[in-house]
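Colleague: Sharing a structure below in structure tokens format, with a few things to ask.
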Amino acid sequence: MVATPIGNLRDITLRALDALKSADIIAAEDTRNTSHLLGHYGISARLVALHEHNERVAAPKIIAALQEGKTVALVSDAGTPGISDPGAILVQAVRAAGLPVIPLPGPNAAICALSAAGREDARFLFYGFLPAKAGARRKELEMLRELPYVLAFYEAPHRIVETVEDILKVFGGEREITFARELTKLFESIHTCKLADAPAWLAGDPNRQRGEFVLLVSGAAAAEEGISLEAQRILQLLLAELPLKLAVKLAAEISGEKKNALYDLALQLK
């Protein structure tokens, strides 16, 4: 399992180059893309395609090659195979056949983005790509809304605007979002703002909607002892529209929670 660069071709480990040079077969998500990487480093190898549409069919052929004593290196288009990329089905099949799977660590877009986002909370949940259809996407976001972890999503440029709008609708405007775009590439950019300001930032320059994205969204604020998650959600919604004292008063009346506890939580949220 060989991790390859997510953009800058120099972001490859010496061990990864050794593995690619010594492999009898390189299984690649896109052989054309991998040919470019191999050509850059003067590596010639037998390339076979292994992607989401043929992984189950290709797996037995790769296992047969391994049983013949051949070495196979698996790569995806970019980053670590098996992480929002093909590879998991092959790994399961290889392990079931009693053959070794050796991971080579290297580039990963989510970790790259987190390292540059300045998030103090070390806990995060990697989700990957949200569903492409709006209804399914919002349903998934509803399930994630109350989690107190930084949420890491991948998104493509043609869906970035509608995905961010859905995150805003479900999570509210107070949380922070970091846009990590085109990481390690020529037009890399990293921007953090409130979710409420995110649509306007995207619309402010068409270039901001281009390229591959990692989105980091701050987690739900930890509920104070005795304050239910539902009361916390009500307070967040009211704070987005009303002055703090009025939001606290109404949240207390709606939820039945203590006003003082809600007030302290409101100060933290603000």
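The way I read the labels, and the way they are meant: chains A, B, ... in the order of the structure tokens, residue 1 as the first residue of every chain, and ligand 1 as the first ligand shown, with later ones counted on from there.
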Would you return as a PDB file with N, CA and C atoms, in the first residue's frame the members of region 84-138 of chain A that DSSP assigns to alpha helix (DSSP H) on this structure's backbone?

Modeller:
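Written output follows (selection.pdb):
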ATOM      1  N   ALA A  88      -9.668  -1.022  -0.192  1.00  0.00           N
ATOM      2  CA  ALA A  88     -10.140  -1.788   0.956  1.00  0.00           C
ATOM      3  C   ALA A  88     -10.578  -3.194   0.556  1.00  0.00           C
ATOM      4  N   ILE A  89     -11.263  -3.325  -0.566  1.00  0.00           N
ATOM      5  CA  ILE A  89     -11.747  -4.642  -1.015  1.00  0.00           C
ATOM      6  C   ILE A  89     -10.560  -5.545  -1.337  1.00  0.00           C
ATOM      7  N   LEU A  90      -9.563  -5.007  -2.013  1.00  0.00           N
ATOM      8  CA  LEU A  90      -8.368  -5.785  -2.336  1.00  0.00           C
ATOM      9  C   LEU A  90      -7.649  -6.220  -1.062  1.00  0.00           C
ATOM     10  N   VAL A  91      -7.501  -5.316  -0.114  1.00  0.00           N
ATOM     11  CA  VAL A  91      -6.814  -5.655   1.140  1.00  0.00           C
ATOM     12  C   VAL A  91      -7.535  -6.794   1.854  1.00  0.00           C
ATOM     13  N   GLN A  92      -8.864  -6.717   1.916  1.00  0.00           N
ATOM     14  CA  GLN A  92      -9.628  -7.798   2.553  1.00  0.00           C
ATOM     15  C   GLN A  92      -9.365  -9.136   1.863  1.00  0.00           C
ATOM     16  N   ALA A  93      -9.372  -9.129   0.541  1.00  0.00           N
ATOM     17  CA  ALA A  93      -9.177 -10.364  -0.216  1.00  0.00           C
ATOM     18  C   ALA A  93      -7.765 -10.912  -0.035  1.00  0.00           C
ATOM     19  N   VAL A  94      -6.778 -10.030  -0.027  1.00  0.00           N
ATOM     20  CA  VAL A  94      -5.392 -10.466   0.138  1.00  0.00           C
ATOM     21  C   VAL A  94      -5.187 -11.062   1.527  1.00  0.00           C
ATOM     22  N   ARG A  95      -5.729 -10.411   2.532  1.00  0.00           N
ATOM     23  CA  ARG A  95      -5.608 -10.935   3.895  1.00  0.00           C
ATOM     24  C   ARG A  95      -6.330 -12.272   4.038  1.00  0.00           C
ATOM     25  N   ALA A  96      -7.512 -12.379   3.415  1.00  0.00           N
ATOM     26  CA  ALA A  96      -8.276 -13.629   3.484  1.00  0.00           C
ATOM     27  C   ALA A  96      -7.508 -14.775   2.827  1.00  0.00           C
ATOM     28  N   ALA A 109      -4.531  14.062   2.446  1.00  0.00           N
ATOM     29  CA  ALA A 109      -5.031  15.434   2.353  1.00  0.00           C
ATOM     30  C   ALA A 109      -5.664  15.922   3.653  1.00  0.00           C
ATOM     31  N   ALA A 110      -6.414  15.049   4.328  1.00  0.00           N
ATOM     32  CA  ALA A 110      -7.086  15.461   5.564  1.00  0.00           C
ATOM     33  C   ALA A 110      -6.074  15.834   6.641  1.00  0.00           C
ATOM     34  N   ILE A 111      -5.056  15.006   6.825  1.00  0.00           N
ATOM     35  CA  ILE A 111      -4.037  15.288   7.835  1.00  0.00           C
ATOM     36  C   ILE A 111      -3.251  16.535   7.460  1.00  0.00           C
ATOM     37  N   CYS A 112      -2.975  16.688   6.187  1.00  0.00           N
ATOM     38  CA  CYS A 112      -2.275  17.882   5.704  1.00  0.00           C
ATOM     39  C   CYS A 112      -3.063  19.141   6.059  1.00  0.00           C
ATOM     40  N   ALA A 113      -4.375  19.113   5.825  1.00  0.00           N
ATOM     41  CA  ALA A 113      -5.223  20.268   6.129  1.00  0.00           C
ATOM     42  C   ALA A 113      -5.284  20.534   7.625  1.00  0.00           C
ATOM     43  N   LEU A 114      -5.443  19.485   8.418  1.00  0.00           N
ATOM     44  CA  LEU A 114      -5.532  19.652   9.869  1.00  0.00           C
ATOM     45  C   LEU A 114      -4.263  20.261  10.438  1.00  0.00           C
ATOM     46  N   SER A 115      -3.121  19.895   9.890  1.00  0.00           N
ATOM     47  CA  SER A 115      -1.850  20.397  10.416  1.00  0.00           C
ATOM     48  C   SER A 115      -1.715  21.902  10.230  1.00  0.00           C
ATOM     49  N   ALA A 116      -2.390  22.444   9.216  1.00  0.00           N
ATOM     50  CA  ALA A 116      -2.259  23.869   8.906  1.00  0.00           C
ATOM     51  C   ALA A 116      -3.472  24.687   9.353  1.00  0.00           C
ATOM     52  N   ALA A 117      -4.464  24.030   9.953  1.00  0.00           N
ATOM     53  CA  ALA A 117      -5.701  24.733  10.316  1.00  0.00           C
ATOM     54  C   ALA A 117      -5.630  25.383  11.689  1.00  0.00           C
ATOM     55  N   ALA A 134     -28.601  16.011  -2.673  1.00  0.00           N
ATOM     56  CA  ALA A 134     -28.844  16.968  -1.592  1.00  0.00           C
ATOM     57  C   ALA A 134     -29.579  16.345  -0.406  1.00  0.00           C
ATOM     58  N   GLY A 135     -30.632  15.573  -0.669  1.00  0.00           N
ATOM     59  CA  GLY A 135     -31.408  14.998   0.421  1.00  0.00           C
ATOM     60  C   GLY A 135     -30.577  14.063   1.275  1.00  0.00           C
ATOM     61  N   ALA A 136     -29.836  13.176   0.642  1.00  0.00           N
ATOM     62  CA  ALA A 136     -28.981  12.240   1.383  1.00  0.00           C
ATOM     63  C   ALA A 136     -27.867  12.977   2.108  1.00  0.00           C
ATOM     64  N   ARG A 137     -27.354  14.035   1.488  1.00  0.00           N
ATOM     65  CA  ARG A 137     -26.283  14.812   2.118  1.00  0.00           C
ATOM     66  C   ARG A 137     -26.777  15.477   3.399  1.00  0.00           C
ATOM     67  N   ARG A 138     -27.945  16.091   3.342  1.00  0.00           N
ATOM     68  CA  ARG A 138     -28.478  16.753   4.537  1.00  0.00           C
ATOM     69  C   ARG A 138     -28.796  15.745   5.635  1.00  0.00           C
TER      70      ARG A 138
END

Colleague: Near region 17-32 of chain A, within 8 Å and counting only C-alpha atoms, which residues show up once chain neighbours fewer than 4 positions away are dropped, as a ChimeraX atom specification?

Modeller: /A:2,12-13,36,43-52,70-77,86

Colleague: With C-alpha atoms kept, could you save the residues just selected as an mmCIF file, in the first residue's frame?

Modeller:
data_model
loop_
_atom_site.group_PDB
_atom_site.id
_atom_site.type_symbol
_atom_site.label_atom_id
_atom_site.label_comp_id
_atom_site.auth_asym_id
_atom_site.auth_seq_id
_atom_site.Cartn_x
_atom_site.Cartn_y
_atom_site.Cartn_z
ATOM 1 C CA VAL A 2 1.986 2.979 -1.308
ATOM 2 C CA ILE A 12 6.923 11.172 -1.909
ATOM 3 C CA THR A 13 8.952 9.148 0.547
ATOM 4 C CA HIS A 36 3.031 10.578 -15.055
ATOM 5 C CA ILE A 43 10.410 4.149 -13.045
ATOM 6 C CA SER A 44 9.229 1.541 -15.529
ATOM 7 C CA ALA A 45 6.846 -1.136 -14.297
ATOM 8 C CA ARG A 46 3.896 -3.211 -15.410
ATOM 9 C CA LEU A 47 0.763 -1.193 -14.677
ATOM 10 C CA VAL A 48 -2.686 -2.706 -14.130
ATOM 11 C CA ALA A 49 -5.908 -0.834 -13.419
ATOM 12 C CA LEU A 50 -7.629 -1.234 -10.066
ATOM 13 C CA HIS A 51 -10.478 1.199 -9.434
ATOM 14 C CA GLU A 52 -13.914 1.298 -7.838
ATOM 15 C CA LYS A 70 5.428 -11.402 -7.332
ATOM 16 C CA THR A 71 5.406 -8.090 -5.464
ATOM 17 C CA VAL A 72 2.458 -5.776 -6.085
ATOM 18 C CA ALA A 73 2.370 -2.081 -5.173
ATOM 19 C CA LEU A 74 -1.081 -0.495 -4.888
ATOM 20 C CA VAL A 75 -1.470 3.239 -5.485
ATOM 21 C CA SER A 76 -4.445 5.562 -5.856
ATOM 22 C CA ASP A 77 -4.586 8.766 -7.876
ATOM 23 C CA PRO A 86 -10.080 2.108 -3.843
#

Colleague: I need the strand (DSSP E or B) residues of region 15-250 of chain A per DSSP on the backbone, written as a PyMOL selection string.

Modeller: chain A and resi 25-28+46-49+72-75+79+104+124-129+150-155+176-181+189-194+213-217

Colleague: Write the residues you've just listed into a file as a short mmCIF file (atom, residue, chain, number, x, y, z; two decimals), in the first residue's frame, and include N, CA and C atoms for each of them.

Modeller:
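Okay, result_27.cif is ready:
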data_model
loop_
_atom_site.label_atom_id
_atom_site.label_comp_id
_atom_site.auth_asym_id
_atom_site.auth_seq_id
_atom_site.Cartn_x
_atom_site.Cartn_y
_atom_site.Cartn_z
N ILE A 25 4.48 -5.54 -10.23
CA ILE A 25 3.23 -4.99 -10.76
C ILE A 25 2.85 -3.78 -9.92
N ILE A 26 2.39 -2.73 -10.57
CA ILE A 26 1.81 -1.59 -9.85
C ILE A 26 0.33 -1.52 -10.22
N ALA A 27 -0.53 -1.72 -9.22
CA ALA A 27 -1.97 -1.61 -9.42
C ALA A 27 -2.37 -0.17 -9.14
N ALA A 28 -2.97 0.49 -10.13
CA ALA A 28 -3.22 1.93 -10.04
C ALA A 28 -4.68 2.25 -10.30
N ARG A 46 5.14 -2.74 -14.82
CA ARG A 46 3.90 -3.21 -15.41
C ARG A 46 2.73 -2.60 -14.62
N LEU A 47 1.91 -1.85 -15.31
CA LEU A 47 0.76 -1.19 -14.68
C LEU A 47 -0.52 -1.96 -14.98
N VAL A 48 -1.35 -2.14 -13.94
CA VAL A 48 -2.69 -2.71 -14.13
C VAL A 48 -3.68 -1.78 -13.45
N ALA A 49 -4.88 -1.72 -13.97
CA ALA A 49 -5.91 -0.83 -13.42
C ALA A 49 -6.64 -1.51 -12.27
N VAL A 72 3.43 -6.71 -5.50
CA VAL A 72 2.46 -5.78 -6.08
C VAL A 72 2.41 -4.52 -5.23
N ALA A 73 2.54 -3.36 -5.85
CA ALA A 73 2.37 -2.08 -5.17
C ALA A 73 1.02 -1.49 -5.59
N LEU A 74 0.22 -1.11 -4.61
CA LEU A 74 -1.08 -0.50 -4.89
C LEU A 74 -1.00 1.00 -4.65
N VAL A 75 -1.43 1.78 -5.64
CA VAL A 75 -1.47 3.24 -5.48
C VAL A 75 -2.83 3.75 -5.94
N GLY A 79 -2.52 10.47 -2.61
CA GLY A 79 -2.69 10.19 -1.20
C GLY A 79 -2.57 8.71 -0.88
N LEU A 104 2.74 1.57 3.58
CA LEU A 104 3.80 2.57 3.57
C LEU A 104 3.17 3.93 3.82
N PHE A 124 -10.70 14.55 15.94
CA PHE A 124 -11.40 14.86 14.71
C PHE A 124 -12.03 13.59 14.16
N LEU A 125 -13.05 13.78 13.34
CA LEU A 125 -13.71 12.67 12.65
C LEU A 125 -13.50 12.86 11.15
N PHE A 126 -12.87 11.88 10.52
CA PHE A 126 -12.70 11.93 9.07
C PHE A 126 -13.93 11.28 8.43
N TYR A 127 -14.66 12.07 7.64
CA TYR A 127 -15.84 11.54 6.96
C TYR A 127 -15.54 11.22 5.50
N GLY A 128 -14.77 12.07 4.83
CA GLY A 128 -14.55 11.89 3.39
C GLY A 128 -15.62 12.61 2.60
N PHE A 129 -16.05 12.01 1.49
CA PHE A 129 -17.04 12.65 0.62
C PHE A 129 -18.45 12.45 1.15
N VAL A 150 -13.95 17.98 15.44
CA VAL A 150 -13.72 18.61 14.14
C VAL A 150 -14.09 17.58 13.06
N LEU A 151 -14.86 18.01 12.08
CA LEU A 151 -15.32 17.12 11.02
C LEU A 151 -14.54 17.41 9.73
N ALA A 152 -13.95 16.38 9.16
CA ALA A 152 -13.14 16.55 7.95
C ALA A 152 -13.86 15.93 6.77
N PHE A 153 -14.16 16.77 5.78
CA PHE A 153 -14.85 16.32 4.57
C PHE A 153 -13.95 16.56 3.36
N TYR A 154 -14.12 15.75 2.33
CA TYR A 154 -13.55 16.02 1.01
C TYR A 154 -14.69 16.51 0.12
N GLU A 155 -14.38 17.40 -0.82
CA GLU A 155 -15.41 17.83 -1.77
C GLU A 155 -14.79 18.25 -3.09
N GLU A 176 -16.99 27.33 12.95
CA GLU A 176 -15.95 27.72 11.99
C GLU A 176 -15.77 26.65 10.94
N ILE A 177 -15.41 27.09 9.74
CA ILE A 177 -15.07 26.17 8.66
C ILE A 177 -13.73 26.60 8.07
N THR A 178 -12.89 25.64 7.81
CA THR A 178 -11.62 25.89 7.12
C THR A 178 -11.69 25.28 5.74
N PHE A 179 -11.43 26.11 4.73
CA PHE A 179 -11.32 25.64 3.35
C PHE A 179 -9.84 25.41 3.06
N ALA A 180 -9.46 24.17 2.84
CA ALA A 180 -8.08 23.85 2.42
C ALA A 180 -8.17 23.38 0.97
N ARG A 181 -7.74 24.24 0.07
CA ARG A 181 -7.97 24.02 -1.37
C ARG A 181 -6.65 23.80 -2.10
N SER A 189 -4.54 27.23 -1.14
CA SER A 189 -5.05 28.28 -0.27
C SER A 189 -5.75 27.66 0.93
N ILE A 190 -5.63 28.32 2.06
CA ILE A 190 -6.26 27.86 3.30
C ILE A 190 -6.94 29.07 3.93
N HIS A 191 -8.23 28.94 4.16
CA HIS A 191 -9.02 30.07 4.68
C HIS A 191 -9.99 29.56 5.74
N THR A 192 -10.07 30.28 6.86
CA THR A 192 -10.99 29.93 7.95
C THR A 192 -11.95 31.09 8.19
N CYS A 193 -13.22 30.76 8.35
CA CYS A 193 -14.23 31.78 8.64
C CYS A 193 -15.41 31.12 9.35
N LYS A 194 -16.35 31.94 9.78
CA LYS A 194 -17.60 31.41 10.33
C LYS A 194 -18.41 30.78 9.18
N PHE A 213 -11.03 20.11 -2.54
CA PHE A 213 -11.19 20.72 -1.22
C PHE A 213 -11.12 19.71 -0.09
N VAL A 214 -10.49 20.13 1.02
CA VAL A 214 -10.72 19.53 2.32
C VAL A 214 -11.46 20.59 3.13
N LEU A 215 -12.60 20.21 3.72
CA LEU A 215 -13.37 21.11 4.57
C LEU A 215 -13.26 20.63 6.01
N LEU A 216 -12.85 21.52 6.90
CA LEU A 216 -12.77 21.21 8.33
C LEU A 216 -13.79 22.06 9.05
N VAL A 217 -14.76 21.42 9.69
CA VAL A 217 -15.84 22.13 10.38
C VAL A 217 -15.71 21.86 11.87
#

Colleague: Rounded to one decimal, what separation in Å do you get between CA of Ile102 (chain A) and CA of Met1 (chain A)?

Modeller: 6.1 Å
